[in-house]
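Asker: Input model_14.txt, format and content: compact mmCIF, C-alpha atoms.
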# COMPACT_ATOMS: atom_id res chain seq x y z
CA MET A 192 28.39 21.28 -30.30
CA THR A 193 25.71 19.61 -28.21
CA PRO A 194 26.65 18.62 -24.66
CA ILE A 195 25.77 15.01 -23.80
CA ILE A 196 27.50 14.62 -20.43
CA GLU A 197 27.78 17.57 -18.06
CA PHE A 198 29.42 17.56 -14.63
CA GLN A 199 28.60 20.63 -12.55
CA HIS A 200 30.52 20.91 -9.27
CA VAL A 201 30.43 17.16 -8.70
CA ASP A 202 31.92 15.66 -5.53
CA LYS A 203 32.21 12.03 -4.60
CA TYR A 204 33.34 10.59 -1.29
CA TYR A 205 34.14 7.08 -0.17
CA GLY A 206 33.66 7.55 3.55
CA LYS A 207 36.13 10.33 4.33
CA PHE A 208 38.13 9.85 1.14
CA HIS A 209 37.42 12.64 -1.36
CA ALA A 210 37.51 10.70 -4.65
CA LEU A 211 36.15 13.33 -7.05
CA LYS A 212 36.80 16.97 -6.23
CA ASP A 213 34.54 19.66 -7.70
CA ILE A 214 34.42 18.19 -11.20
CA ASN A 215 33.26 20.56 -13.95
CA LEU A 216 33.40 18.86 -17.29
CA THR A 217 31.32 18.89 -20.44
CA ILE A 218 31.53 16.18 -23.05
CA ASN A 219 29.88 16.87 -26.41
CA GLU A 220 28.18 14.57 -28.86
CA GLY A 221 30.58 12.70 -31.09
CA GLU A 222 33.69 13.42 -29.05
CA VAL A 223 36.21 10.69 -28.29
CA VAL A 224 37.58 11.60 -24.88
CA SER A 225 40.51 9.72 -23.40
CA ILE A 226 41.05 9.91 -19.66
CA ILE A 227 44.54 9.14 -18.51
CA GLY A 228 46.32 9.43 -15.19
CA PRO A 229 48.05 7.45 -12.47
CA SER A 230 46.24 4.54 -10.84
CA GLY A 231 44.19 5.52 -7.84
CA SER A 232 43.57 8.97 -9.31
CA GLY A 233 39.81 8.42 -9.60
CA LYS A 234 39.57 7.85 -13.37
CA SER A 235 37.47 4.73 -12.97
CA THR A 236 35.27 6.37 -10.37
CA LEU A 237 34.76 9.31 -12.72
CA ILE A 238 33.66 7.15 -15.65
CA ARG A 239 31.49 4.94 -13.44
CA THR A 240 29.50 7.96 -12.26
CA MET A 241 28.53 8.66 -15.88
CA ASN A 242 26.05 5.78 -15.98
CA GLY A 243 25.22 5.74 -12.30
CA LEU A 244 27.29 2.72 -11.25
CA GLU A 245 28.69 5.09 -8.63
CA ASP A 246 26.50 7.77 -7.14
CA ILE A 247 27.69 11.28 -6.46
CA ASN A 248 27.46 13.26 -3.23
CA ASN A 249 27.27 16.85 -4.49
CA GLY A 250 26.57 18.71 -7.68
CA LYS A 251 24.71 17.96 -10.88
CA LEU A 252 25.53 15.31 -13.44
CA ILE A 253 23.41 15.53 -16.56
CA VAL A 254 23.71 12.63 -18.97
CA THR A 255 21.64 12.48 -22.19
CA GLY A 256 19.35 15.10 -20.69
CA TYR A 257 18.71 13.42 -17.33
CA ASP A 258 20.20 14.50 -13.99
CA LEU A 259 21.82 11.51 -12.32
CA ALA A 260 21.88 13.31 -8.97
CA ASP A 261 18.09 13.55 -9.00
CA LYS A 262 16.59 10.59 -7.14
CA LYS A 263 13.51 10.70 -9.38
CA THR A 264 15.54 10.01 -12.51
CA ASN A 265 14.95 6.53 -13.87
CA ILE A 266 18.50 5.31 -14.26
CA ASN A 267 17.50 2.68 -16.82
CA LYS A 268 16.48 5.41 -19.27
CA ILE A 269 20.02 6.74 -19.19
CA ARG A 270 21.64 3.35 -19.40
CA LYS A 271 19.65 2.48 -22.53
CA ASN A 272 21.62 5.23 -24.25
CA VAL A 273 24.91 4.87 -22.42
CA GLY A 274 26.71 1.57 -22.86
CA MET A 275 29.72 0.44 -20.89
CA VAL A 276 32.69 -1.80 -21.60
CA PHE A 277 34.62 -3.11 -18.61
CA GLN A 278 38.18 -4.13 -17.94
CA HIS A 279 37.06 -7.69 -17.21
CA PHE A 280 34.43 -7.84 -20.01
CA ASN A 281 31.55 -8.95 -17.73
CA LEU A 282 29.90 -11.04 -20.41
CA TYR A 283 26.94 -13.11 -19.18
CA GLU A 284 28.44 -16.51 -18.51
CA ASN A 285 25.12 -18.31 -18.94
CA TYR A 286 24.59 -17.04 -22.50
CA THR A 287 26.37 -17.68 -25.78
CA VAL A 288 28.09 -14.86 -27.60
CA LEU A 289 24.95 -14.27 -29.65
CA GLY A 290 22.78 -14.54 -26.51
CA ASN A 291 24.90 -11.90 -24.80
CA ILE A 292 24.35 -9.45 -27.63
CA LYS A 293 20.63 -10.16 -27.99
CA LEU A 294 19.55 -10.15 -24.34
CA ALA A 295 19.21 -6.44 -23.60
CA PRO A 296 17.66 -5.47 -26.96
CA ARG A 297 15.12 -8.26 -26.45
CA ILE A 298 14.08 -7.56 -22.84
CA VAL A 299 14.69 -3.80 -22.70
CA LEU A 300 13.88 -2.57 -26.21
CA HIS A 301 11.52 -5.46 -27.11
CA ARG A 302 13.17 -5.71 -30.49
CA SER A 303 11.69 -8.45 -32.67
CA GLU A 304 13.61 -11.73 -32.78
CA GLU A 305 14.25 -11.46 -36.50
CA GLU A 306 15.62 -7.93 -36.35
CA ASN A 307 17.56 -8.69 -33.17
CA GLU A 308 19.27 -11.67 -34.76
CA ALA A 309 20.14 -9.71 -37.90
CA ILE A 310 21.60 -6.79 -35.96
CA ALA A 311 23.54 -9.09 -33.63
CA MET A 312 25.03 -11.11 -36.48
CA ASP A 313 25.93 -7.95 -38.35
CA LEU A 314 27.74 -6.62 -35.27
CA LEU A 315 29.58 -9.90 -34.80
CA LYS A 316 30.76 -9.64 -38.39
CA LYS A 317 32.00 -6.11 -37.73
CA VAL A 318 34.05 -7.24 -34.73
CA GLY A 319 35.29 -10.27 -36.68
CA LEU A 320 33.67 -12.97 -34.57
CA GLU A 321 30.69 -14.27 -36.53
CA ASN A 322 32.13 -17.79 -36.34
CA LYS A 323 32.03 -17.64 -32.53
CA ALA A 324 28.32 -16.76 -32.32
CA HIS A 325 27.30 -19.99 -30.61
CA MET A 326 30.23 -20.33 -28.25
CA TYR A 327 30.19 -19.44 -24.57
CA PRO A 328 32.35 -16.58 -23.25
CA ARG A 329 34.51 -18.97 -21.20
CA ASN A 330 35.75 -20.55 -24.45
CA LEU A 331 36.93 -17.25 -25.89
CA SER A 332 40.20 -15.39 -25.39
CA GLY A 333 40.18 -12.11 -23.48
CA GLY A 334 40.47 -10.07 -26.64
CA GLN A 335 37.59 -11.92 -28.26
CA GLN A 336 35.45 -11.49 -25.15
CA GLN A 337 36.13 -7.77 -25.15
CA ARG A 338 35.10 -7.47 -28.80
CA VAL A 339 31.86 -9.28 -27.95
CA ALA A 340 31.35 -6.88 -25.04
CA ILE A 341 31.70 -3.94 -27.43
CA ALA A 342 29.23 -5.56 -29.85
CA ARG A 343 26.85 -6.10 -26.92
CA SER A 344 26.98 -2.39 -26.11
CA LEU A 345 26.54 -1.41 -29.76
CA ALA A 346 23.45 -3.61 -30.08
CA MET A 347 21.56 -1.15 -27.86
CA GLN A 348 22.44 1.58 -30.40
CA PRO A 349 23.62 3.89 -27.63
CA LYS A 350 24.59 7.55 -27.94
CA VAL A 351 27.58 7.08 -25.65
CA ILE A 352 29.85 4.16 -24.80
CA LEU A 353 32.03 4.30 -21.70
CA PHE A 354 35.21 2.22 -21.78
CA ASP A 355 36.81 1.51 -18.41
CA GLU A 356 40.36 0.30 -19.12
CA PRO A 357 39.17 -1.95 -21.94
CA THR A 358 42.60 -3.35 -22.78
CA SER A 359 44.23 -3.49 -19.35
CA ALA A 360 43.39 -7.15 -18.69
CA LEU A 361 44.47 -8.34 -22.14
CA ASP A 362 47.59 -10.09 -23.36
CA PRO A 363 49.66 -7.69 -25.48
CA GLU A 364 48.94 -9.48 -28.76
CA MET A 365 45.18 -9.15 -28.19
CA ILE A 366 45.18 -5.41 -27.61
CA GLN A 367 45.38 -4.25 -31.21
CA ASP A 368 42.24 -6.16 -32.30
CA VAL A 369 40.24 -4.47 -29.56
CA LEU A 370 41.65 -1.04 -30.36
CA ASP A 371 40.75 -1.57 -34.04
CA VAL A 372 37.15 -2.27 -33.07
CA MET A 373 37.11 0.82 -30.85
CA LYS A 374 38.37 2.85 -33.79
CA LEU A 375 35.44 1.51 -35.80
CA VAL A 376 33.06 2.69 -33.08
CA ALA A 377 34.64 6.13 -33.13
CA GLU A 378 34.19 6.35 -36.89
CA GLN A 379 30.45 5.78 -36.46
CA GLY A 380 30.21 9.02 -34.54
CA ILE A 381 29.26 7.48 -31.20
CA THR A 382 30.46 9.53 -28.25
CA MET A 383 33.23 7.67 -26.45
CA VAL A 384 34.77 8.16 -23.05
CA VAL A 385 37.79 5.94 -22.60
CA VAL A 386 39.83 5.42 -19.45
CA THR A 387 43.02 4.01 -20.88
CA HIS A 388 46.74 3.46 -20.65
CA GLU A 389 46.99 3.18 -24.44
CA MET A 390 48.67 6.45 -25.33
CA GLY A 391 48.68 5.46 -29.01
CA PHE A 392 44.90 5.21 -29.03
CA ALA A 393 44.52 8.46 -27.10
CA GLN A 394 46.67 10.25 -29.63
CA GLU A 395 45.41 8.72 -32.87
CA VAL A 396 41.72 8.15 -32.27
CA GLY A 397 40.91 10.47 -29.40
CA ASN A 398 40.11 14.09 -30.14
CA ARG A 399 40.30 15.24 -26.56
CA LEU A 400 42.48 14.23 -23.66
CA ILE A 401 41.91 14.59 -19.95
CA PHE A 402 44.75 14.16 -17.51
CA PHE A 403 43.23 13.21 -14.20
CA GLU A 404 45.00 13.20 -10.87
CA GLN A 405 43.95 13.01 -7.23
CA GLY A 406 40.29 13.43 -8.10
CA ARG A 407 40.76 16.49 -10.32
CA VAL A 408 40.96 17.35 -14.00
CA LEU A 409 44.51 18.71 -14.32
CA GLU A 410 44.58 19.06 -18.09
CA ASP A 411 41.85 18.98 -20.73
CA ARG A 412 43.28 19.50 -24.20
CA LYS A 413 43.82 18.21 -27.71
CA PRO A 414 45.85 14.98 -27.50
CA ASP A 415 48.61 16.15 -29.85
CA GLU A 416 49.18 19.32 -27.85
CA PHE A 417 49.15 17.39 -24.60
CA PHE A 418 51.73 14.85 -25.69
CA ALA A 419 53.94 17.47 -27.35
CA ASN A 420 53.87 19.85 -24.43
CA PRO A 421 52.15 18.90 -21.17
CA GLU A 422 51.33 21.98 -19.09
CA THR A 423 51.64 20.57 -15.60
CA ASP A 424 54.64 19.02 -13.89
CA ARG A 425 52.51 16.08 -12.79
CA ALA A 426 51.56 15.30 -16.37
CA ARG A 427 55.17 15.59 -17.52
CA GLU A 428 56.28 13.26 -14.75
CA PHE A 429 53.50 10.80 -15.61
CA LEU A 430 54.39 10.78 -19.30
CA SER A 431 58.09 10.29 -18.67
CA LYS A 432 57.32 7.27 -16.51
CA ILE A 433 55.09 5.74 -19.15
CA ILE A 434 57.48 6.28 -22.00
CA THR A 435 60.50 4.92 -20.17
CA HIS A 436 58.87 1.86 -18.60
CA MET B 66 11.44 -60.15 7.62
CA TRP B 67 9.78 -60.93 4.30
CA ASN B 68 6.76 -62.35 6.15
CA LEU B 69 6.62 -59.25 8.31
CA PHE B 70 6.48 -57.14 5.16
CA ILE B 71 3.86 -59.40 3.50
CA ASP B 72 1.66 -59.25 6.58
CA ASN B 73 1.91 -55.47 6.93
CA TRP B 74 2.58 -54.26 3.40
CA ASP B 75 -0.49 -52.04 3.27
CA THR B 76 0.48 -50.28 6.50
CA PHE B 77 4.03 -49.73 5.22
CA LEU B 78 2.77 -48.45 1.88
CA ILE B 79 0.42 -45.95 3.47
CA GLY B 80 3.40 -44.63 5.43
CA PHE B 81 5.59 -44.60 2.35
CA GLY B 82 2.92 -42.75 0.39
CA ASN B 83 2.54 -40.13 3.08
CA THR B 84 6.30 -39.68 3.33
CA VAL B 85 6.51 -39.18 -0.46
CA LEU B 86 3.58 -36.76 -0.43
CA CYS B 87 4.97 -34.76 2.49
CA SER B 88 8.44 -34.66 0.91
CA VAL B 89 7.18 -33.52 -2.49
CA ILE B 90 5.00 -30.77 -1.00
CA ALA B 91 7.75 -29.61 1.37
CA LEU B 92 10.37 -29.73 -1.39
CA ILE B 93 8.36 -27.58 -3.80
CA PHE B 94 7.33 -25.01 -1.24
CA SER B 95 10.63 -24.83 0.63
CA LEU B 96 12.34 -24.23 -2.71
CA ILE B 97 9.93 -21.41 -3.57
CA ILE B 98 10.01 -19.84 -0.09
CA GLY B 99 13.75 -20.38 0.26
CA SER B 100 14.46 -18.76 -3.13
CA GLY B 101 12.27 -15.83 -2.15
CA PHE B 102 14.13 -15.18 1.09
CA ALA B 103 17.50 -15.74 -0.62
CA ILE B 104 16.66 -12.99 -3.12
CA LEU B 105 15.37 -10.73 -0.34
CA GLU B 106 18.70 -11.15 1.41
CA THR B 107 20.50 -9.68 -1.59
CA VAL B 108 18.22 -6.72 -2.47
CA PRO B 109 19.53 -3.19 -1.93
CA SER B 110 16.84 -2.37 0.68
CA LYS B 111 18.16 -2.89 4.20
CA LEU B 112 14.67 -3.35 5.65
CA TRP B 113 13.92 -6.35 3.45
CA ARG B 114 17.33 -7.83 4.07
CA THR B 115 16.69 -7.64 7.81
CA VAL B 116 13.27 -9.27 7.44
CA ALA B 117 14.87 -12.13 5.50
CA ARG B 118 17.69 -12.44 8.03
CA ILE B 119 15.24 -12.75 10.94
CA TYR B 120 13.16 -15.40 9.17
CA ILE B 121 16.20 -17.47 8.24
CA GLU B 122 17.89 -17.29 11.64
CA LEU B 123 14.62 -18.12 13.39
CA PHE B 124 13.80 -21.27 11.46
CA ARG B 125 17.38 -22.39 11.09
CA ASN B 126 18.14 -22.29 14.79
CA ILE B 127 15.07 -23.92 16.32
CA PRO B 128 15.00 -27.74 16.26
CA LEU B 129 12.69 -29.14 13.60
CA LEU B 130 10.84 -31.17 16.23
CA VAL B 131 10.03 -28.01 18.20
CA ILE B 132 8.79 -26.24 15.07
CA ALA B 133 6.58 -29.20 14.17
CA MET B 134 5.20 -29.36 17.72
CA ILE B 135 4.40 -25.66 17.66
CA PHE B 136 2.38 -26.06 14.48
CA TYR B 137 0.72 -29.20 15.80
CA LEU B 138 -0.17 -28.03 19.32
CA VAL B 139 -0.10 -24.24 19.44
CA ILE B 140 -1.62 -23.20 16.12
CA PRO B 141 -4.87 -25.23 16.59
CA GLN B 142 -5.45 -23.57 19.95
CA PHE B 143 -5.41 -20.06 18.57
CA LEU B 144 -5.95 -20.14 14.83
CA PHE B 145 -7.33 -23.14 13.01
CA LYS B 146 -7.47 -26.90 13.25
CA VAL B 147 -4.66 -28.82 11.61
CA ASN B 148 -4.00 -32.55 11.48
CA GLY B 149 -0.59 -34.03 12.21
CA PHE B 150 0.33 -34.46 8.57
CA THR B 151 -0.38 -30.82 7.71
CA ALA B 152 1.31 -29.44 10.82
CA GLY B 153 4.40 -31.59 10.26
CA THR B 154 4.60 -30.72 6.56
CA ILE B 155 4.31 -26.99 7.24
CA GLY B 156 6.99 -27.23 9.93
CA LEU B 157 9.29 -29.21 7.66
CA THR B 158 8.73 -26.76 4.78
CA LEU B 159 9.58 -23.67 6.81
CA TYR B 160 12.55 -25.32 8.53
CA THR B 161 14.02 -26.51 5.22
CA SER B 162 13.28 -23.22 3.45
CA ALA B 163 15.66 -21.44 5.86
CA PHE B 164 18.51 -23.76 4.87
CA ILE B 165 17.63 -23.51 1.19
CA ALA B 166 17.59 -19.71 1.47
CA GLU B 167 21.11 -19.76 2.91
CA THR B 168 22.29 -22.15 0.20
CA ILE B 169 20.87 -20.08 -2.66
CA ARG B 170 22.06 -16.82 -1.14
CA SER B 171 25.60 -18.18 -1.12
CA GLY B 172 25.11 -19.13 -4.78
CA ILE B 173 23.98 -15.61 -5.65
CA GLY B 174 27.00 -14.29 -3.77
CA ALA B 175 29.27 -16.57 -5.77
CA VAL B 176 28.13 -15.00 -9.07
CA GLY B 177 30.57 -12.13 -9.56
CA ASP B 178 29.47 -8.48 -9.17
CA GLY B 179 30.59 -7.95 -12.74
CA GLN B 180 27.60 -9.92 -14.02
CA MET B 181 25.16 -7.51 -12.38
CA GLU B 182 27.15 -4.44 -13.45
CA GLY B 183 27.38 -5.73 -17.00
CA ALA B 184 23.63 -6.22 -17.14
CA ARG B 185 22.71 -2.92 -15.47
CA SER B 186 25.04 -1.01 -17.80
CA ASN B 187 23.21 -2.61 -20.69
CA GLY B 188 19.95 -0.97 -19.57
CA ILE B 189 18.61 -4.11 -17.89
CA THR B 190 16.71 -3.57 -14.63
CA TYR B 191 17.76 -5.11 -11.31
CA TRP B 192 14.97 -7.68 -11.35
CA GLN B 193 15.51 -8.58 -15.01
CA ALA B 194 19.20 -9.05 -14.29
CA MET B 195 18.30 -11.35 -11.39
CA ARG B 196 15.98 -13.38 -13.55
CA TYR B 197 18.01 -13.66 -16.74
CA VAL B 198 21.60 -13.47 -15.57
CA ILE B 199 22.20 -13.95 -11.84
CA LEU B 200 19.75 -16.63 -10.72
CA PRO B 201 20.38 -19.09 -13.59
CA GLN B 202 24.07 -19.00 -12.72
CA ALA B 203 23.41 -19.16 -8.97
CA PHE B 204 21.17 -22.24 -9.29
CA ARG B 205 23.85 -24.01 -11.27
CA ILE B 206 26.38 -23.34 -8.54
CA VAL B 207 24.09 -24.54 -5.76
CA ILE B 208 22.92 -27.81 -7.33
CA PRO B 209 25.21 -29.98 -5.16
CA PRO B 210 24.42 -28.33 -1.79
CA LEU B 211 20.75 -28.10 -2.79
CA GLY B 212 20.79 -31.86 -3.40
CA ASN B 213 22.02 -32.35 0.15
CA GLN B 214 19.16 -30.22 1.44
CA PHE B 215 16.63 -32.31 -0.50
CA VAL B 216 18.02 -35.57 0.90
CA ASN B 217 17.98 -34.06 4.40
CA LEU B 218 14.39 -32.99 3.82
CA ILE B 219 13.28 -36.53 3.02
CA LYS B 220 15.03 -37.90 6.08
CA ASN B 221 13.70 -35.09 8.25
CA SER B 222 10.14 -35.89 7.15
CA SER B 223 10.32 -38.62 9.81
CA VAL B 224 9.47 -35.83 12.23
CA LEU B 225 5.86 -36.49 11.20
CA ALA B 226 5.97 -39.59 13.42
CA PHE B 227 5.98 -37.31 16.47
CA VAL B 228 2.88 -35.39 15.43
CA ALA B 229 0.79 -38.35 14.25
CA GLY B 230 1.49 -37.66 10.58
CA PHE B 231 1.03 -41.31 9.46
CA ASP B 232 4.32 -41.25 7.60
CA LEU B 233 6.73 -44.14 7.09
CA MET B 234 8.35 -43.74 10.50
CA TYR B 235 4.98 -43.48 12.26
CA GLN B 236 3.66 -46.60 10.53
CA GLY B 237 6.91 -48.36 11.42
CA ASP B 238 6.34 -47.50 15.09
CA VAL B 239 2.80 -48.88 14.85
CA ILE B 240 3.98 -52.16 13.29
CA ALA B 241 6.90 -52.52 15.67
CA SER B 242 4.73 -52.09 18.74
CA SER B 243 2.00 -54.45 17.53
CA THR B 244 4.27 -57.25 16.21
CA PHE B 245 7.20 -56.77 18.63
CA GLN B 246 9.52 -57.40 15.65
CA THR B 247 11.36 -54.15 16.25
CA ILE B 248 14.60 -54.78 14.36
CA PRO B 249 13.18 -56.12 11.05
CA THR B 250 10.51 -53.41 11.05
CA TYR B 251 13.01 -50.58 11.22
CA ILE B 252 15.25 -52.28 8.66
CA ILE B 253 12.31 -52.28 6.25
CA VAL B 254 11.61 -48.63 7.11
CA GLY B 255 15.25 -47.82 6.42
CA ILE B 256 15.11 -49.54 3.04
CA PHE B 257 12.06 -47.50 2.08
CA TYR B 258 13.91 -44.28 2.89
CA LEU B 259 16.85 -45.44 0.77
CA ILE B 260 14.47 -46.06 -2.15
CA LEU B 261 13.75 -42.32 -2.05
CA THR B 262 17.07 -40.81 -1.11
CA LEU B 263 19.55 -42.84 -3.19
CA PRO B 264 18.00 -42.14 -6.61
CA LEU B 265 17.65 -38.47 -5.65
CA SER B 266 21.34 -38.30 -4.69
CA TYR B 267 22.38 -39.87 -7.97
CA TYR B 268 20.05 -37.66 -9.97
CA MET B 269 21.51 -34.52 -8.37
CA GLN B 270 25.02 -35.79 -9.07
CA SER B 271 24.15 -36.32 -12.73
CA LEU B 272 22.71 -32.79 -12.95
CA GLU B 273 25.94 -31.48 -11.51
CA GLN B 274 27.99 -33.12 -14.24
CA LYS B 275 25.88 -31.69 -17.07
Step by step, read the file and then write its structure as structure tokens.
Answerer:
Amino acid sequence: MTPIIEFQHVDKYYGKFHALKDINLTINEGEVVSIIGPSGSGKSTLIRTMNGLEDINNGKLIVTGYDLADKKTNINKIRKNVGMVFQHFNLYENYTVLGNIKLAPRIVLHRSEEENEAIAMDLLKKVGLENKAHMYPRNLSGGQQQRVAIARSLAMQPKVILFDEPTSALDPEMIQDVLDVMKLVAEQGITMVVVTHEMGFAQEVGNRLIFFEQGRVLEDRKPDEFFANPETDRAREFLSKIITH
Amino acid sequence: MWNLFIDNWDTFLIGFGNTVLCSVIALIFSLIIGSGFAILETVPSKLWRTVARIYIELFRNIPLLVIAMIFYLVIPQFLFKVNGFTAGTIGLTLYTSAFIAETIRSGIGAVGDGQMEGARSNGITYWQAMRYVILPQAFRIVIPPLGNQFVNLIKNSSVLAFVAGFDLMYQGDVIASSTFQTIPTYIIVGIFYLILTLPLSYYMQSLEQK
């Protein structure tokens, strides 16, 4: 197993608030890691440090071989290999669906127009939206926008994709389509880190589960074992609330 | 009034031409300078943001007439000779650029943070994100207020009259004082300004609806 993301004694503060507390965590190539936990626990902060959207105050954070804590690291080199999918999609509103997918490969990787177009159209087919190629994001449903956002990440052919609550802003009937696409990504062997409330996804697709609370990793186990028998009281309490709600 | 125009049409047209020239030059450069300072106001570096802030507050809060006078009277004494037209146009450009900077900055602010985060997470650099994602959206948002600034700029070009800039207003003063037909002269001057400002207003409105 080759590590691709390594936290070594990482701390993160917002002013006096200690958001991430001495995180030690290694994620290996090809793993699908689900991060669950109550809101305000720091899950989003944790995932956002992995591509430098949030900086860290102490420790080392090595992603695809580069240390994010080192000021000399060129963050763009990491981000080329680490895509991100957001809760609110964040598609470029001034580009069409196709334009969204093609922009970064064109201006970052300098991929030829012909190849770029072919890859983008192929990805749109995979996420089931080739007929929306020339529409603008504002004319798409949330679920469709999120599938485009995943295709946009995939177009960079990244080693890792970070998903920050990808289905939390979606209407219930849209969620499954997005989860299906995420499953497709997992099958391609791309490393995935997913902050989610979708326990079904965590159990079926994920091969590792992290229960995060108050800025700490409380449990880090196989999903089946976690759901069958959570070790900590906090995790048990959390699960009972989710299942009964 | 028609006779007044026929007798003095060449004087009016020289003024009109100078007003158009001054407005076009000031519009182009205030847009460039204003955009520059608007972007500086949003960069991560605090030093550059402060520099932009000082520039904008300075030129926004001094009356245009004072700025024009400074360029007309003070600069020639210490630096280089300038005529009234040049001094007035520079003053108008810098004054307007401060307002344009504020307008565009508010447009950049109105583009959600998610757009920048989406781009950066895709491996796009800060400046590329500005160029391809943020600014195109910001300019769209600021078309209406920018249109107002352009109309104001044309009207404000009448400041050239105070620094011997031979613009429409200046020529109007010359005609009014030589013919003593004050009221018709300034009506004609007003009509000339409308010829410039009304089409511009309508053009900006049509852009907005696109």
Asker: Name the closest residue to Ser171 (chain B) among the candidates B:Ala203, B:Met234, B:Ile90, B:Ile140; distances are taken between atoms, counting all atoms listed in the file.
Answerer: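 The closest residue to Ser171 (chain B) is B:Ala203.
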Asker: Between B:Phe77, B:Phe231, B:Tyr120, B:Tyr197, which is the closest to chain A once you count all atoms listed in the file?
Answerer: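 Result for the nearest residue to chain A: B:Tyr197.
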Asker: Have a look at CA of Asn83 (chain B) and CA of Leu138 (chain B) and let me know their distance in Å, one decimal.
Answerer: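 Between these atoms lies a distance of 20.4 Å.
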Asker: For a quick test of understanding: name the residues of chain A lying within 7 Å of chain B when counting all atoms listed in the file, and present them as a VMD selection string.
Answerer: chain A and resid 267 270 to 271 274 to 275 281 to 283 285 295 299 344
Asker: Between CA of Val351 (chain A) and CA of Leu331 (chain A), what is the distance, to one decimal in Å?
Answerer: 26.1 Å
Asker: Which residues come within 12 Å of Asp258 (chain A), counting all atoms listed in the file, excluding same-chain residues fewer than 4 positions away, as an MDAnalysis selection string?
Answerer: chainID A and resid 195:199 201 240:243 246:247 250:254 262:266 268:269
Asker: Any idea what the distance is between CA of Ile104 (chain B) and CA of Gly153 (chain B)?
Answerer: 26.0 Å
Asker: What box, with edges along x, y and z, holds each listed atom of region 141-160 of chain B when 4 Å is added on every side, and can you state its centre and edge lengths in Å to one decimal, as lines of an AutoDock Vina configuration file?
Answerer:
center_x = 2.5
center_y = -27.3
center_z = 12.4
size_x = 28.0
size_y = 22.4
size_z = 23.2
Asker: Which polymer residues have any atom within 8 Å of an atom of Tyr137 (chain B), counting only C-alpha atoms, with same-chain residues fewer than 2 positions away left out, as a PDB file with C-alpha atoms, keeping the file's coordinate frame?
Answerer:
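So part.pdb came out as:
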ATOM      1  CA  ALA B 133       6.580 -29.200  14.170  1.00  0.00           C
ATOM      2  CA  MET B 134       5.200 -29.360  17.720  1.00  0.00           C
ATOM      3  CA  ILE B 135       4.400 -25.660  17.660  1.00  0.00           C
ATOM      4  CA  VAL B 139      -0.100 -24.240  19.440  1.00  0.00           C
ATOM      5  CA  ILE B 140      -1.620 -23.200  16.120  1.00  0.00           C
ATOM      6  CA  PRO B 141      -4.870 -25.230  16.590  1.00  0.00           C
ATOM      7  CA  VAL B 147      -4.660 -28.820  11.610  1.00  0.00           C
ATOM      8  CA  ASN B 148      -4.000 -32.550  11.480  1.00  0.00           C
ATOM      9  CA  GLY B 149      -0.590 -34.030  12.210  1.00  0.00           C
ATOM     10  CA  ALA B 152       1.310 -29.440  10.820  1.00  0.00           C
ATOM     11  CA  GLY B 153       4.400 -31.590  10.260  1.00  0.00           C
ATOM     12  CA  VAL B 228       2.880 -35.390  15.430  1.00  0.00           C
TER      13      VAL B 228
END
Asker: Write out as a PyMOL selection string each polymer residue whose atoms come within 9 Å of Val85 (chain B), counting all atoms listed in the file; drop sequence neighbours fewer than 3 positions from it.
Answerer: chain B and resi 80-82+88-90+219+232+261
Asker: So, with all atoms listed in the file as the atoms that count, which of A:Ser232, A:Thr382, A:Phe277, A:Asn398 lies closest to Thr193 (chain A)?
Answerer: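 Ranking A:Ser232, A:Thr382, A:Phe277, A:Asn398 by distance to Thr193 (chain A), first place goes to A:Thr382.
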Asker: Neighbouring residues of Glu106 (chain B) were defined as those with any atom within 10 Å, considering all atoms listed in the file; residues of the same chain fewer than 3 positions away were excluded. Please report them as a VMD selection string.
Answerer: chain B and resid 100 to 103 109 to 118 121 166 to 167 170 173
Asker: Excluding same-chain residues fewer than 6 positions from Phe164 (chain B), what lies within 12 Å of it counting all atoms listed in the file, as an NGL selection string?
Answerer: :B and (92 or 95-96 or 98-100 or 102-103 or 118 or 120-127 or 129 or 157-158 or 170-171 or 210-215 or 217-218)
Asker: Do you know which residues lie at most 10 Å from (19.8, -1.4, -30.7), with coordinates as in the file and only C-alpha atoms counted, and could you write them as a ChimeraX atom specification?
Answerer: /A:271-272,292-293,295-297,299-302,306-307,310-311,343-349
